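Enquirer: Once you've had a glance at the structure underneath, I'll fire off some questions.
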Amino acid sequence: MIEQLKKLYEKRQLIWALALSDFRKKFVGSYLGIFWMFMQPIVSIVIYYFVFQIGFKSNPVKDMPYILWLMPGIIPWFFFNDTLQSGVSTLISYKHLVKKMVFRIDILPIMKVVSSLIFHLIFIYILIVVFLLFGEQPSLWWLQSLYYLICNVVLVLGLVYLTSAINVFVKDMGQMVSIFLQFGFWIAPIMWDMSMMPVQIHWILRLNPFTYIVDGFRDCFVYHAGFWTKPVWSIYFWVFTCIVFAGGIKLFKKMEPHFADII
């Protein structure tokens, strides 16, 4: 595994070049270009704000506007959702590279994650700007979001390795991932707070690894709590994520010799 990571690190410049190219492809050919990439997430946030804050009159959490509580939870989901949704078809989309014998296919999932990460970092910057505009004071706790960003990247990268490899052989994987993401959005505490649920089932809800990431981003921007205050769930998250990551890479490498023949 370490040797594999070292080889991938040596290809970092190629990964970055491919990621930039993939990022540009998402908005090339449209008149408003990158504007459309921001519109859908922003419109979603505004709609949820009006439905839950204005319509349902949800109580502000920790005496702050609902939108400030919502954004730290939903922005990590935008990254996870976009990366996995597009990542599942990575090998199919880049079949011209897969068929090249000299090309390292295993950098394609990383490229897809880096491509989505560019957009995600811009949105984290927007998140910080919104907090400042609402009068929130800058805090060192915000720096902890880098840790949860790494959590998100490692988890979704493992899933992209896993699903993109299976998708070559099982064409229904894309539809399965879409259903999984729709279901996952509502079972994670993105739109609702954990305190709304009975205490007896909290441990079940926390078995969802993305709950750890959502709670973590809110700990950074809303509650100002450290990840070390949840040692059990931190250990659980990393054990789960490492299993997914290692399993995804192992399956990818096992199926890799057959990709060019099937695609």
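To be explicit about the labels: the chains of the structure tokens are called A, B, and onward in the order shown, and within each one the residues are counted from 1, while ligands get numbers from 1 in the order they are shown.
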Which residues come within 9 Å of range 188-202 of chain A, counting only C-alpha atoms, excluding same-chain residues fewer than 2 positions away, as a count of residues only?
Expert: 23
Enquirer: When you look at range 78-92 of chain A with a cut-off of 9 Å (counting only C-alpha atoms), what residues show up, excluding the ones that are within fewer than 3 positions of it in the same chain? I need them as an MDAnalysis selection string.
Expert: chainID A and resid 41 74:75 95:98 105 108:109 112:113 115:117 119:120 152:153 155:157 159:168 173:174 177:178 181 185 259 263
Enquirer: Looking at only C-alpha atoms, which of A:Thr229, A:Ile150, A:Met111, A:Ile235 is the one that sits closest to Lys11 in chain A?
Expert: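 With only C-alpha atoms as the atom set, the closest residue is A:Met111.
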Enquirer: Env of Arg12 in chain A: 10 Å cut, atoms = only C-alpha atoms, seq-sep filter 5 positions within chain, self excluded. Answer as a PyMOL selection string.
Expert: chain A and resi 7+17-18+107+110-111
Enquirer: Those residues with C-alpha atoms, as a compact mmCIF listing (two decimals), in the first residue's frame please?
Expert:
# COMPACT_ATOMS: atom_id res chain seq x y z
CA LYS A 7 4.07 5.81 -7.07
CA ALA A 17 -3.11 18.60 -14.99
CA LEU A 18 -5.89 16.05 -15.59
CA ILE A 107 -4.69 7.88 -11.03
CA ILE A 110 -7.69 10.55 -7.67
CA MET A 111 -7.97 13.00 -10.56
Enquirer: Would you list, as a ChimeraX atom specification, the residues of range 10-247 of chain A that end up in helix (DSSP H, G or I) under DSSP run on this structure's backbone?
Expert: /A:10,12-25,35-55,61-63,66-87,90-93,95-98,105-133,140-169,173-187,194-196,199-205,209-223,227-229,231-247
Enquirer: Any idea what's packed within 12 Å of Phe131 in chain A, counting only C-alpha atoms, ignoring anything in its chain fewer than 6 positions away? Could you give it as a list of chain:residue names?
Expert: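 Once the nearby chain positions are removed, what remains is A:Met64, A:Pro65, A:Tyr66, A:Ile67, A:Leu68, A:Trp69, A:Leu70, A:Met71, A:Pro72, A:Ile124, A:Tyr125, A:Gln137, A:Pro138, A:Ser139, A:Trp142, A:Phe221, A:Val222.
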Enquirer: As an exercise, work out the distance from CA of Gly247 in chain A to CA of Asp219 in chain A in Å and give it to one decimal place.
Expert: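 Those two atoms sit 29.7 Å apart.
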Enquirer: To one decimal in Å, tell me the separation between CA of Leu149 in chain A and CA of Gly216 in chain A.
Expert: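 Distance reported for this atom pair: 9.5 Å.
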Enquirer: For each of A:His224, A:Ile54, A:Val154, A:Asp172, take the minimum atom-to-atom distance to Phe240 in chain A, counting only C-alpha atoms, then give the residue where this is smallest.
Expert: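 Between A:His224, A:Ile54, A:Val154, A:Asp172, the residue approaching Phe240 in chain A most closely is A:Val154.
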Enquirer: Taking into account only C-alpha atoms, which residue in the set A:Gly158, A:Val102, A:Glu10, A:Cys220 is nearest to Ile243 in chain A?
Expert: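 Going through A:Gly158, A:Val102, A:Glu10, A:Cys220 one by one, the smallest distance to Ile243 in chain A is for A:Gly158.
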Enquirer: I'd like the interatomic distance between CA of Trp16 in chain A and CA of Asp106 in chain A, to a tenth of an Å.
Expert: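 Spanning CA of Trp16 in chain A to CA of Asp106 in chain A is a straight-line distance of 14.0 Å.
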